[in-house]
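Asks: Take a look at this one; I'll ask things after.
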Amino acid sequence: LCWLSTLFAGLGKSKARRLITYFNLPSDVRDVCLWVSGDLKKTGTRLGKLGLRDSYKATKLLRGVPREGLVHLYAVSPRGSRNLIRRYLADWRHVAPHLSGGEIASLGVGEGPLVGRIHEDILRLRLEGKLKTRTDELRYIRNLPGVRAQKLRK
């Protein structure tokens with residue numbers, strides 16, 4: 001799949017769609033080829049503006065890239081971007097909040113998009129090393145302005 005999708009690099013999405021249709025490629029292959037055809041260069045440019053301190057931004061950017069796309073991105077990237085890709089694969093992609101969305105909602109946040117924003121903020125703070133434990137996350141939520149945090153069973 002990595003080799004096949006190389007043929008789509010720089011092709012542009014409209015030409016890539018025509019070629020994919022012509023060859024009747026399966027959806028998983030199609031997704032990778034479309035990403036390589038249109039998003040490889042754009043993602044590489046954005047990644048090149050980041051450093052190791054930008055763990056959250058790099059993670060947010062790379063978590064939407066197909067695995068085979070990461071191979072292509074690594075192959076065409078300068079050393080600094082390669083370091084970010086390695087750190088993402090080794091460490092950052094495995095970081096997740098200890099609290100689920102349901103647990104955050106039950107703390108008095110309520111249902112809705114605020115839960116998702118808080119969950120994403122917790123992820124960012126974890127990647128930045130500012131929240132390390134479940135207790136840190138609970139304390140963070142309890143200290144949010146306007147949130148009447150309930151006690152959550154451990």
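Residues are named by chain letter and number: chains run A, B, ... in the order of the structure tokens, numbers start at 1 in each chain, and ligands are numbered from 1 in the order shown.
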Sorted by chain and rising residue number, list the residues of range 11-115 of chain A at most 12 Å from range 131-137 of chain A (counting only C-alpha atoms), each with its closest atom pair and distance in Å to one decimal, as CSV.

Replies:
```
residue,atom,partner,partner_atom,distance
A:Val95,CA,A:Lys132,CA,10.3
A:Ala96,CA,A:Lys132,CA,10.5
A:Pro97,CA,A:Glu137,CA,7.9
A:His98,CA,A:Arg134,CA,5.5
A:Leu99,CA,A:Arg134,CA,6.9
A:Ser100,CA,A:Arg134,CA,10.6
A:Glu103,CA,A:Glu137,CA,11.0
A:Ile104,CA,A:Glu137,CA,9.5
A:Leu107,CA,A:Glu137,CA,11.3
```

Asks: So, counting only C-alpha atoms, which residue among A:Leu62, A:Arg18, A:Trp3, A:Arg139 is closest to Asp39 in chain A?

Replies: A:Leu62

Asks: Report as a PDB file with C-alpha atoms, in the first residue's frame all protein, DNA and RNA residues lying within 12 Å of Ile85 in chain A, evaluated on only C-alpha atoms, omitting residues in the same chain fewer than 2 positions from it.

Replies:
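That gives us part-v5.pdb:
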```
ATOM      1  CA  THR A  43       0.841  18.332   6.499  1.00  0.00           C
ATOM      2  CA  GLY A  44       4.612  18.360   5.970  1.00  0.00           C
ATOM      3  CA  LEU A  47       4.682  19.917  10.792  1.00  0.00           C
ATOM      4  CA  GLY A  48       7.851  21.736   9.759  1.00  0.00           C
ATOM      5  CA  LEU A  50       6.506  22.814  14.995  1.00  0.00           C
ATOM      6  CA  GLY A  51       9.107  21.800  17.553  1.00  0.00           C
ATOM      7  CA  LEU A  52       9.335  19.210  20.310  1.00  0.00           C
ATOM      8  CA  ASP A  54       4.522  21.488  20.414  1.00  0.00           C
ATOM      9  CA  SER A  55       3.547  17.932  21.387  1.00  0.00           C
ATOM     10  CA  LYS A  57      -0.181  20.472  18.046  1.00  0.00           C
ATOM     11  CA  ALA A  58       1.903  17.695  16.491  1.00  0.00           C
ATOM     12  CA  THR A  59      -0.362  15.020  17.948  1.00  0.00           C
ATOM     13  CA  LYS A  60      -3.482  16.796  16.760  1.00  0.00           C
ATOM     14  CA  LEU A  61      -1.987  17.095  13.274  1.00  0.00           C
ATOM     15  CA  LEU A  62      -0.640  13.538  13.045  1.00  0.00           C
ATOM     16  CA  ARG A  63      -3.502  11.617  14.627  1.00  0.00           C
ATOM     17  CA  VAL A  65      -2.836  10.778   9.162  1.00  0.00           C
ATOM     18  CA  ARG A  67      -0.302   4.883   9.035  1.00  0.00           C
ATOM     19  CA  GLY A  69       0.772   8.361   5.204  1.00  0.00           C
ATOM     20  CA  LEU A  70       3.088   8.643   8.202  1.00  0.00           C
ATOM     21  CA  VAL A  71       5.608   6.508   6.306  1.00  0.00           C
ATOM     22  CA  HIS A  72       5.472   8.900   3.344  1.00  0.00           C
ATOM     23  CA  LEU A  73       5.593  11.946   5.590  1.00  0.00           C
ATOM     24  CA  TYR A  74       8.640  10.584   7.408  1.00  0.00           C
ATOM     25  CA  ALA A  75      10.390   9.813   4.124  1.00  0.00           C
ATOM     26  CA  VAL A  76      10.008  13.348   2.732  1.00  0.00           C
ATOM     27  CA  SER A  77      10.507  15.309   5.966  1.00  0.00           C
ATOM     28  CA  PRO A  78      13.587  17.049   7.327  1.00  0.00           C
ATOM     29  CA  ARG A  79      15.202  15.831  10.555  1.00  0.00           C
ATOM     30  CA  GLY A  80      13.153  18.057  12.899  1.00  0.00           C
ATOM     31  CA  SER A  81       9.865  16.793  11.526  1.00  0.00           C
ATOM     32  CA  ARG A  82      11.124  13.209  11.609  1.00  0.00           C
ATOM     33  CA  ASN A  83      11.858  13.663  15.311  1.00  0.00           C
ATOM     34  CA  ARG A  87       7.951  11.008  19.269  1.00  0.00           C
ATOM     35  CA  TYR A  88       4.328  10.851  18.132  1.00  0.00           C
ATOM     36  CA  LEU A  89       4.605   7.159  17.248  1.00  0.00           C
ATOM     37  CA  ALA A  90       6.589   6.208  20.355  1.00  0.00           C
ATOM     38  CA  ASP A  91       4.881   8.338  22.994  1.00  0.00           C
ATOM     39  CA  TRP A  92       2.332  11.004  22.205  1.00  0.00           C
ATOM     40  CA  ARG A  93      -0.235   8.889  20.370  1.00  0.00           C
TER      41      ARG A  93
END
```

Asks: What's the separation between CA of Phe23 in chain A and CA of Lys41 in chain A, in Å to one decimal place?

Replies: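 About the pair CA of Phe23 in chain A and CA of Lys41 in chain A: they are 24.0 Å apart.
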